[in-house]
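Visitor: Pasting input.cif here (mmCIF, C-alpha atoms):
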```cif
data_input
loop_
_atom_site.group_PDB
_atom_site.id
_atom_site.type_symbol
_atom_site.label_atom_id
_atom_site.label_comp_id
_atom_site.auth_asym_id
_atom_site.auth_seq_id
_atom_site.Cartn_x
_atom_site.Cartn_y
_atom_site.Cartn_z
ATOM 1 C CA MET A 1 143.033 -54.000 52.737
ATOM 2 C CA ARG A 2 139.971 -54.242 50.526
ATOM 3 C CA ALA A 3 139.388 -56.423 47.456
ATOM 4 C CA LEU A 4 136.736 -56.751 44.776
ATOM 5 C CA VAL A 5 136.169 -60.193 43.220
ATOM 6 C CA VAL A 6 134.436 -60.073 39.834
ATOM 7 C CA ASP A 7 133.401 -63.421 38.354
ATOM 8 C CA ASP A 8 130.137 -64.746 36.932
ATOM 9 C CA SER A 9 130.702 -68.031 38.776
ATOM 10 C CA ARG A 10 129.390 -67.811 42.320
ATOM 11 C CA ALA A 11 131.537 -70.828 43.264
ATOM 12 C CA MET A 12 134.679 -69.079 42.017
ATOM 13 C CA ARG A 13 133.784 -65.920 43.944
ATOM 14 C CA VAL A 14 133.381 -68.010 47.120
ATOM 15 C CA ILE A 15 136.761 -69.706 46.596
ATOM 16 C CA ILE A 16 138.597 -66.437 46.005
ATOM 17 C CA ARG A 17 136.714 -64.721 48.856
ATOM 18 C CA LYS A 18 137.887 -67.420 51.297
ATOM 19 C CA ILE A 19 141.500 -67.055 50.182
ATOM 20 C CA LEU A 20 141.382 -63.268 50.499
ATOM 21 C CA ALA A 21 139.533 -63.248 53.815
ATOM 22 C CA GLY A 22 142.105 -65.713 55.139
ATOM 23 C CA ILE A 23 144.848 -63.148 54.588
ATOM 24 C CA GLY A 24 142.906 -60.264 56.048
ATOM 25 C CA TYR A 25 141.086 -58.662 53.125
ATOM 26 C CA GLU A 26 137.618 -57.166 53.350
ATOM 27 C CA VAL A 27 135.995 -58.644 50.224
ATOM 28 C CA PHE A 28 133.284 -57.312 47.944
ATOM 29 C CA GLU A 29 131.805 -59.280 45.040
ATOM 30 C CA ALA A 30 130.221 -58.724 41.649
ATOM 31 C CA GLY A 31 129.014 -61.144 38.968
ATOM 32 C CA HIS A 32 130.063 -59.093 35.915
ATOM 33 C CA GLY A 33 131.637 -55.803 34.914
ATOM 34 C CA VAL A 34 128.492 -53.681 35.086
ATOM 35 C CA ALA A 35 127.782 -54.943 38.608
ATOM 36 C CA ALA A 36 131.439 -54.339 39.532
ATOM 37 C CA LEU A 37 131.238 -50.677 38.516
ATOM 38 C CA ALA A 38 128.026 -50.302 40.521
ATOM 39 C CA ARG A 39 129.619 -52.000 43.543
ATOM 40 C CA LEU A 40 132.671 -49.725 43.353
ATOM 41 C CA ALA A 41 130.418 -46.661 43.106
ATOM 42 C CA GLU A 42 128.789 -47.888 46.322
ATOM 43 C CA VAL A 43 131.883 -48.876 48.374
ATOM 44 C CA GLY A 44 134.634 -46.801 46.764
ATOM 45 C CA ALA A 45 137.900 -47.958 45.245
ATOM 46 C CA THR A 46 139.417 -51.149 46.621
ATOM 47 C CA ASP A 47 143.125 -51.933 46.903
ATOM 48 C CA VAL A 48 142.840 -54.779 44.427
ATOM 49 C CA ALA A 49 140.338 -56.266 41.999
ATOM 50 C CA LEU A 50 140.489 -59.895 40.875
ATOM 51 C CA VAL A 51 138.639 -60.023 37.571
ATOM 52 C CA ASP A 52 137.491 -62.900 35.364
ATOM 53 C CA TRP A 53 137.699 -62.340 31.609
ATOM 54 C CA ASN A 54 134.609 -64.157 30.310
ATOM 55 C CA MET A 55 131.444 -62.730 31.850
ATOM 56 C CA PRO A 56 128.043 -61.541 30.587
ATOM 57 C CA GLU A 57 127.023 -57.880 30.262
ATOM 58 C CA MET A 58 130.592 -56.524 30.500
ATOM 59 C CA ASN A 59 133.594 -58.818 30.314
ATOM 60 C CA GLY A 60 136.754 -58.454 32.371
ATOM 61 C CA PHE A 61 138.788 -56.865 29.587
ATOM 62 C CA GLU A 62 136.127 -54.179 29.111
ATOM 63 C CA LEU A 63 136.019 -53.661 32.883
ATOM 64 C CA VAL A 64 139.782 -53.128 33.024
ATOM 65 C CA GLN A 65 139.482 -50.542 30.246
ATOM 66 C CA ARG A 66 136.654 -48.724 32.051
ATOM 67 C CA LEU A 67 138.510 -48.711 35.380
ATOM 68 C CA ARG A 68 141.687 -47.362 33.819
ATOM 69 C CA GLU A 69 139.710 -44.516 32.219
ATOM 70 C CA GLN A 70 138.731 -43.248 35.687
ATOM 71 C CA ARG A 71 141.293 -41.460 37.871
ATOM 72 C CA ALA A 72 139.539 -42.662 41.033
ATOM 73 C CA TYR A 73 140.834 -46.180 40.312
ATOM 74 C CA ASP A 74 144.426 -45.314 39.346
ATOM 75 C CA ALA A 75 145.868 -46.878 42.510
ATOM 76 C CA MET A 76 143.711 -50.023 42.298
ATOM 77 C CA ARG A 77 145.695 -53.106 41.371
ATOM 78 C CA ILE A 78 143.914 -55.382 38.891
ATOM 79 C CA VAL A 79 144.654 -59.090 38.563
ATOM 80 C CA MET A 80 142.955 -61.014 35.774
ATOM 81 C CA VAL A 81 141.905 -64.474 37.020
ATOM 82 C CA THR A 82 140.857 -66.431 33.964
ATOM 83 C CA THR A 83 141.081 -69.468 31.701
ATOM 84 C CA GLU A 84 142.287 -67.258 28.816
ATOM 85 C CA ALA A 85 145.745 -68.800 28.436
ATOM 86 C CA GLU A 86 146.894 -67.383 25.098
ATOM 87 C CA MET A 87 149.848 -64.998 25.329
ATOM 88 C CA GLU A 88 148.034 -62.536 23.049
ATOM 89 C CA GLN A 89 145.121 -62.301 25.500
ATOM 90 C CA MET A 90 147.473 -61.856 28.449
ATOM 91 C CA MET A 91 149.336 -59.056 26.684
ATOM 92 C CA LYS A 92 146.058 -57.390 25.696
ATOM 93 C CA ALA A 93 144.926 -57.335 29.340
ATOM 94 C CA LEU A 94 148.260 -56.031 30.617
ATOM 95 C CA GLU A 95 148.359 -53.321 27.953
ATOM 96 C CA ALA A 96 144.817 -52.275 28.921
ATOM 97 C CA GLY A 97 145.956 -51.760 32.515
ATOM 98 C CA ALA A 98 145.802 -55.074 34.344
ATOM 99 C CA ASN A 99 148.742 -55.442 36.722
ATOM 100 C CA ASP A 100 149.030 -59.219 36.615
ATOM 101 C CA TYR A 101 147.417 -62.423 35.408
ATOM 102 C CA VAL A 102 146.434 -65.722 37.099
ATOM 103 C CA LEU A 103 145.328 -68.748 35.117
ATOM 104 C CA LYS A 104 142.488 -70.970 36.326
ATOM 105 C CA PRO A 105 142.744 -73.429 37.916
ATOM 106 C CA PHE A 106 144.959 -71.876 40.578
ATOM 107 C CA THR A 107 146.011 -72.586 44.141
ATOM 108 C CA ALA A 108 145.629 -70.338 47.168
ATOM 109 C CA ASP A 109 149.420 -69.943 47.166
ATOM 110 C CA VAL A 110 149.350 -68.561 43.610
ATOM 111 C CA ILE A 111 146.726 -65.957 44.576
ATOM 112 C CA ARG A 112 148.700 -64.943 47.680
ATOM 113 C CA GLU A 113 151.923 -64.673 45.663
ATOM 114 C CA LYS A 114 150.316 -62.526 42.949
ATOM 115 C CA LEU A 115 148.786 -60.221 45.552
ATOM 116 C CA SER A 116 152.142 -59.668 47.229
ATOM 117 C CA GLN A 117 153.713 -58.982 43.812
ATOM 118 C CA VAL A 118 151.129 -56.391 42.794
ATOM 119 C CA ALA A 119 151.257 -54.769 46.232
ATOM 120 C CA ALA A 120 155.001 -54.325 45.740
ATOM 121 C CA GLN A 121 154.325 -52.480 42.457
ATOM 122 C CA GLN A 122 152.743 -49.551 44.293
#
```
Transcribe the structure of this file into structure tokens.
Guide:
Amino acid sequence: MRALVVDDSRAMRVIIRKILAGIGYEVFEAGHGVAALARLAEVGATDVALVDWNMPEMNGFELVQRLREQRAYDAMRIVMVTTEAEMEQMMKALEAGANDYVLKPFTADVIREKLSQVAAQQ
């Protein structure tokens, strides 16, 4: 299994990387949406992308929209991992094509649970 972690916080990418690596994922990273698209062009589609909302250059919502416009990423599961707690924002992300939502701060168990839920959606 392969995952892409997209967050402008290096510390957050390290935390999520450790959780994912601990359950057997090969992990790729990007600091914002533009870098994420470049990384995916380089390594190909991943099984899952964990995407922050608030980032420079291209935010997570815009990234979800861009990914869902491209057939190559149809099977990719997208989990928003963000501090955006308003129901309206969550619905906006899900309607744009995100598969699930995790609020920061989170525990490793929450990430593992969400990943098993989105994997079951396939």
Visitor: For Gly44 of chain A, work out the shell of residues within 10 Å, counting only C-alpha atoms and skipping chain neighbours fewer than 3 positions away, then give it as a list in words.
Guide: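 Contacts, in chain order: Arg2, Leu37, Ala38, Arg39, Leu40, Ala41, Asp47, Ala72 and Tyr73 of chain A.
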Visitor: Dump as a tab-separated table the rows for residues of segment 42-120 of chain A within 6 Å of segment 5-21 of chain A: closest atom pair and distance in Å with one decimal, only C-alpha atoms counted, ordered by chain and rising residue number.
Guide:
```
residue	atom	partner	partner_atom	distance
A:Ala49	CA	A:Val5	CA	5.9
A:Leu50	CA	A:Val5	CA	4.9
A:Val51	CA	A:Val6	CA	4.8
A:Asp52	CA	A:Asp7	CA	5.1
A:Met55	CA	A:Asp8	CA	5.6
```
Visitor: Just C-alpha atoms for this one: save the residues we selected as a PDB file, in the coordinates of the input.
Guide:
```pdb
ATOM      1  CA  ALA A  49     140.338 -56.266  41.999  1.00  0.00           C
ATOM      2  CA  LEU A  50     140.489 -59.895  40.875  1.00  0.00           C
ATOM      3  CA  VAL A  51     138.639 -60.023  37.571  1.00  0.00           C
ATOM      4  CA  ASP A  52     137.491 -62.900  35.364  1.00  0.00           C
ATOM      5  CA  MET A  55     131.444 -62.730  31.850  1.00  0.00           C
TER       6      MET A  55
END
```
Visitor: Name the residues in contact with segment 104-121 of chain A at a cut-off of 7 Å, using all atoms listed in the file, excluding same-chain residues fewer than 2 positions from it; report them as a list in words.
Guide: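 Using all atoms listed in the file, the neighbours found are Ile19, Arg77, Val81, Thr82, Thr83, Asn99 and Val102 of chain A.
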Visitor: Those same residues - C-alpha atoms - I'd like them written as a PDB file, in the coordinates of the input.
Guide:
```pdb
ATOM      1  CA  ILE A  19     141.500 -67.055  50.182  1.00  0.00           C
ATOM      2  CA  ARG A  77     145.695 -53.106  41.371  1.00  0.00           C
ATOM      3  CA  VAL A  81     141.905 -64.474  37.020  1.00  0.00           C
ATOM      4  CA  THR A  82     140.857 -66.431  33.964  1.00  0.00           C
ATOM      5  CA  THR A  83     141.081 -69.468  31.701  1.00  0.00           C
ATOM      6  CA  ASN A  99     148.742 -55.442  36.722  1.00  0.00           C
ATOM      7  CA  VAL A 102     146.434 -65.722  37.099  1.00  0.00           C
TER       8      VAL A 102
END
```
Visitor: With all atoms listed in the file as the basis for distance, which of A:Leu103, A:Met91, A:Val34, A:Ala75 is at the shortest distance from Glu62 of chain A?
Guide: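 Under the stated criterion, the closest residue is A:Val34.
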Visitor: For the file shown, what are the residues hit by the PyMOL selection byres ((chain A and resi 63) around 9), laid out as a VMD selection string?
Guide: chain A and resid 32 to 34 36 to 37 51 53 58 to 62 64 to 68
Visitor: Between atom CA of Ala98 of chain A and atom CA of Ile23 of chain A, measure the distance and give it in Å to one decimal.
Guide: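 Computing the Euclidean distance for atom CA of Ala98 of chain A and atom CA of Ile23 of chain A yields 21.8 Å.
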Visitor: Any chance you could resolve the PyMOL selection byres ((chain A and resi 28) around 6) against this file and give the residues as a PDB file with C-alpha atoms, in the coordinates of the input?
Guide:
```pdb
ATOM      1  CA  LEU A   4     136.736 -56.751  44.776  1.00  0.00           C
ATOM      2  CA  VAL A  27     135.995 -58.644  50.224  1.00  0.00           C
ATOM      3  CA  GLU A  29     131.805 -59.280  45.040  1.00  0.00           C
TER       4      GLU A  29
END
```
Visitor: What does the distance from atom CA of Ala96 of chain A to atom CA of Val79 of chain A come to in Å, to one decimal?
Guide: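 Result for atom CA of Ala96 of chain A versus atom CA of Val79 of chain A: 11.8 Å, one decimal.
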Visitor: Take atom CA of Ala93 of chain A and atom CA of Met80 of chain A and report the distance between them in Å, one decimal.
Guide: 7.7 Å
Visitor: So which one's closest to Glu57 of chain A, A:Glu42, A:Gly24, A:Arg71, A:Ala35? Using all atoms listed in the file, please.
Guide: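 Result for the nearest residue to Glu57 of chain A: A:Ala35.
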Visitor: How would segment 57-70 of chain A look written as a PDB file, in the first residue's frame with all heavy atoms?
Guide:
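Result file is out.pdb:
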```pdb
ATOM      1  N   GLU A  57       0.023  28.015  -1.710  1.00  0.00           N
ATOM      2  CA  GLU A  57       0.106  27.689  -3.136  1.00  0.00           C
ATOM      3  C   GLU A  57      -1.128  26.980  -3.682  1.00  0.00           C
ATOM      4  O   GLU A  57      -1.678  27.412  -4.672  1.00  0.00           O
ATOM      5  CB  GLU A  57       1.380  26.921  -3.486  1.00  0.00           C
ATOM      6  CG  GLU A  57       2.619  27.752  -3.215  1.00  0.00           C
ATOM      7  CD  GLU A  57       3.844  27.223  -3.902  1.00  0.00           C
ATOM      8  OE1 GLU A  57       3.747  26.846  -5.076  1.00  0.00           O
ATOM      9  OE2 GLU A  57       4.890  27.208  -3.253  1.00  0.00           O
ATOM     10  N   MET A  58      -1.541  25.878  -3.083  1.00  0.00           N
ATOM     11  CA  MET A  58      -2.801  25.220  -3.429  1.00  0.00           C
ATOM     12  C   MET A  58      -3.283  24.513  -2.173  1.00  0.00           C
ATOM     13  O   MET A  58      -2.597  23.638  -1.649  1.00  0.00           O
ATOM     14  CB  MET A  58      -2.618  24.197  -4.556  1.00  0.00           C
ATOM     15  CG  MET A  58      -3.911  23.458  -4.904  1.00  0.00           C
ATOM     16  SD  MET A  58      -3.658  22.070  -6.050  1.00  0.00           S
ATOM     17  CE  MET A  58      -3.199  22.941  -7.543  1.00  0.00           C
ATOM     18  N   ASN A  59      -4.446  24.907  -1.672  1.00  0.00           N
ATOM     19  CA  ASN A  59      -4.925  24.304  -0.436  1.00  0.00           C
ATOM     20  C   ASN A  59      -5.489  22.899  -0.681  1.00  0.00           C
ATOM     21  O   ASN A  59      -5.611  22.450  -1.818  1.00  0.00           O
ATOM     22  CB  ASN A  59      -5.921  25.230   0.281  1.00  0.00           C
ATOM     23  CG  ASN A  59      -7.245  25.372  -0.448  1.00  0.00           C
ATOM     24  OD1 ASN A  59      -7.778  24.427  -1.028  1.00  0.00           O
ATOM     25  ND2 ASN A  59      -7.794  26.580  -0.412  1.00  0.00           N
ATOM     26  N   GLY A  60      -5.824  22.226   0.399  1.00  0.00           N
ATOM     27  CA  GLY A  60      -6.280  20.845   0.307  1.00  0.00           C
ATOM     28  C   GLY A  60      -7.597  20.689  -0.428  1.00  0.00           C
ATOM     29  O   GLY A  60      -7.794  19.723  -1.172  1.00  0.00           O
ATOM     30  N   PHE A  61      -8.509  21.635  -0.246  1.00  0.00           N
ATOM     31  CA  PHE A  61      -9.784  21.576  -0.960  1.00  0.00           C
ATOM     32  C   PHE A  61      -9.549  21.664  -2.466  1.00  0.00           C
ATOM     33  O   PHE A  61     -10.110  20.887  -3.242  1.00  0.00           O
ATOM     34  CB  PHE A  61     -10.717  22.692  -0.481  1.00  0.00           C
ATOM     35  CG  PHE A  61     -12.019  22.728  -1.226  1.00  0.00           C
ATOM     36  CD1 PHE A  61     -12.984  21.765  -0.999  1.00  0.00           C
ATOM     37  CD2 PHE A  61     -12.260  23.708  -2.168  1.00  0.00           C
ATOM     38  CE1 PHE A  61     -14.186  21.781  -1.705  1.00  0.00           C
ATOM     39  CE2 PHE A  61     -13.440  23.740  -2.873  1.00  0.00           C
ATOM     40  CZ  PHE A  61     -14.418  22.777  -2.643  1.00  0.00           C
ATOM     41  N   GLU A  62      -8.707  22.597  -2.881  1.00  0.00           N
ATOM     42  CA  GLU A  62      -8.382  22.740  -4.307  1.00  0.00           C
ATOM     43  C   GLU A  62      -7.696  21.481  -4.832  1.00  0.00           C
ATOM     44  O   GLU A  62      -7.954  21.045  -5.959  1.00  0.00           O
ATOM     45  CB  GLU A  62      -7.491  23.961  -4.530  1.00  0.00           C
ATOM     46  CG  GLU A  62      -8.188  25.274  -4.226  1.00  0.00           C
ATOM     47  CD  GLU A  62      -7.226  26.448  -4.113  1.00  0.00           C
ATOM     48  OE1 GLU A  62      -6.053  26.261  -3.732  1.00  0.00           O
ATOM     49  OE2 GLU A  62      -7.672  27.572  -4.393  1.00  0.00           O
ATOM     50  N   LEU A  63      -6.835  20.877  -4.013  1.00  0.00           N
ATOM     51  CA  LEU A  63      -6.162  19.647  -4.418  1.00  0.00           C
ATOM     52  C   LEU A  63      -7.172  18.529  -4.628  1.00  0.00           C
ATOM     53  O   LEU A  63      -7.100  17.804  -5.630  1.00  0.00           O
ATOM     54  CB  LEU A  63      -5.114  19.232  -3.384  1.00  0.00           C
ATOM     55  CG  LEU A  63      -4.395  17.907  -3.660  1.00  0.00           C
ATOM     56  CD1 LEU A  63      -3.659  17.931  -4.997  1.00  0.00           C
ATOM     57  CD2 LEU A  63      -3.452  17.568  -2.515  1.00  0.00           C
ATOM     58  N   VAL A  64      -8.118  18.383  -3.717  1.00  0.00           N
ATOM     59  CA  VAL A  64      -9.149  17.354  -3.882  1.00  0.00           C
ATOM     60  C   VAL A  64      -9.890  17.568  -5.201  1.00  0.00           C
ATOM     61  O   VAL A  64     -10.096  16.620  -5.977  1.00  0.00           O
ATOM     62  CB  VAL A  64     -10.143  17.360  -2.694  1.00  0.00           C
ATOM     63  CG1 VAL A  64     -11.349  16.465  -2.977  1.00  0.00           C
ATOM     64  CG2 VAL A  64      -9.452  16.925  -1.411  1.00  0.00           C
ATOM     65  N   GLN A  65     -10.263  18.797  -5.484  1.00  0.00           N
ATOM     66  CA  GLN A  65     -10.957  19.104  -6.740  1.00  0.00           C
ATOM     67  C   GLN A  65     -10.115  18.703  -7.949  1.00  0.00           C
ATOM     68  O   GLN A  65     -10.616  18.080  -8.894  1.00  0.00           O
ATOM     69  CB  GLN A  65     -11.299  20.588  -6.814  1.00  0.00           C
ATOM     70  CG  GLN A  65     -12.365  21.009  -5.840  1.00  0.00           C
ATOM     71  CD  GLN A  65     -12.636  22.499  -5.918  1.00  0.00           C
ATOM     72  OE1 GLN A  65     -11.705  23.318  -5.842  1.00  0.00           O
ATOM     73  NE2 GLN A  65     -13.895  22.861  -6.073  1.00  0.00           N
ATOM     74  N   ARG A  66      -8.840  19.061  -7.925  1.00  0.00           N
ATOM     75  CA  ARG A  66      -7.943  18.746  -9.054  1.00  0.00           C
ATOM     76  C   ARG A  66      -7.785  17.236  -9.228  1.00  0.00           C
ATOM     77  O   ARG A  66      -7.789  16.730 -10.346  1.00  0.00           O
ATOM     78  CB  ARG A  66      -6.576  19.401  -8.851  1.00  0.00           C
ATOM     79  CG  ARG A  66      -6.575  20.910  -8.915  1.00  0.00           C
ATOM     80  CD  ARG A  66      -6.709  21.454 -10.335  1.00  0.00           C
ATOM     81  NE  ARG A  66      -5.596  21.097 -11.170  1.00  0.00           N
ATOM     82  CZ  ARG A  66      -4.444  21.755 -11.246  1.00  0.00           C
ATOM     83  NH1 ARG A  66      -4.241  22.829 -10.495  1.00  0.00           N
ATOM     84  NH2 ARG A  66      -3.499  21.348 -12.044  1.00  0.00           N
ATOM     85  N   LEU A  67      -7.620  16.520  -8.110  1.00  0.00           N
ATOM     86  CA  LEU A  67      -7.461  15.064  -8.193  1.00  0.00           C
ATOM     87  C   LEU A  67      -8.719  14.409  -8.746  1.00  0.00           C
ATOM     88  O   LEU A  67      -8.628  13.485  -9.568  1.00  0.00           O
ATOM     89  CB  LEU A  67      -7.115  14.480  -6.823  1.00  0.00           C
ATOM     90  CG  LEU A  67      -5.741  14.835  -6.277  1.00  0.00           C
ATOM     91  CD1 LEU A  67      -5.599  14.363  -4.836  1.00  0.00           C
ATOM     92  CD2 LEU A  67      -4.636  14.247  -7.152  1.00  0.00           C
ATOM     93  N   ARG A  68      -9.861  14.861  -8.335  1.00  0.00           N
ATOM     94  CA  ARG A  68     -11.114  14.252  -8.784  1.00  0.00           C
ATOM     95  C   ARG A  68     -11.453  14.593 -10.231  1.00  0.00           C
ATOM     96  O   ARG A  68     -12.295  13.952 -10.839  1.00  0.00           O
ATOM     97  CB  ARG A  68     -12.269  14.630  -7.849  1.00  0.00           C
ATOM     98  CG  ARG A  68     -12.135  13.981  -6.471  1.00  0.00           C
ATOM     99  CD  ARG A  68     -11.971  12.471  -6.588  1.00  0.00           C
ATOM    100  NE  ARG A  68     -11.945  11.815  -5.297  1.00  0.00           N
ATOM    101  CZ  ARG A  68     -11.151  10.793  -5.015  1.00  0.00           C
ATOM    102  NH1 ARG A  68     -10.304  10.323  -5.919  1.00  0.00           N
ATOM    103  NH2 ARG A  68     -11.191  10.230  -3.826  1.00  0.00           N
ATOM    104  N   GLU A  69     -10.769  15.583 -10.798  1.00  0.00           N
ATOM    105  CA  GLU A  69     -10.940  15.906 -12.220  1.00  0.00           C
ATOM    106  C   GLU A  69     -10.154  14.957 -13.116  1.00  0.00           C
ATOM    107  O   GLU A  69     -10.373  14.933 -14.324  1.00  0.00           O
ATOM    108  CB  GLU A  69     -10.458  17.337 -12.502  1.00  0.00           C
ATOM    109  CG  GLU A  69     -11.323  18.418 -11.905  1.00  0.00           C
ATOM    110  CD  GLU A  69     -10.686  19.799 -12.006  1.00  0.00           C
ATOM    111  OE1 GLU A  69      -9.515  19.915 -12.454  1.00  0.00           O
ATOM    112  OE2 GLU A  69     -11.351  20.772 -11.620  1.00  0.00           O
ATOM    113  N   GLN A  70      -9.228  14.190 -12.531  1.00  0.00           N
ATOM    114  CA  GLN A  70      -8.328  13.344 -13.319  1.00  0.00           C
ATOM    115  C   GLN A  70      -8.650  11.865 -13.092  1.00  0.00           C
ATOM    116  O   GLN A  70      -8.572  11.377 -11.975  1.00  0.00           O
ATOM    117  CB  GLN A  70      -6.878  13.638 -12.937  1.00  0.00           C
ATOM    118  CG  GLN A  70      -6.490  15.085 -13.181  1.00  0.00           C
ATOM    119  CD  GLN A  70      -5.077  15.375 -12.785  1.00  0.00           C
ATOM    120  OE1 GLN A  70      -4.164  14.654 -13.155  1.00  0.00           O
ATOM    121  NE2 GLN A  70      -4.877  16.429 -11.997  1.00  0.00           N
TER     122      GLN A  70
END
```
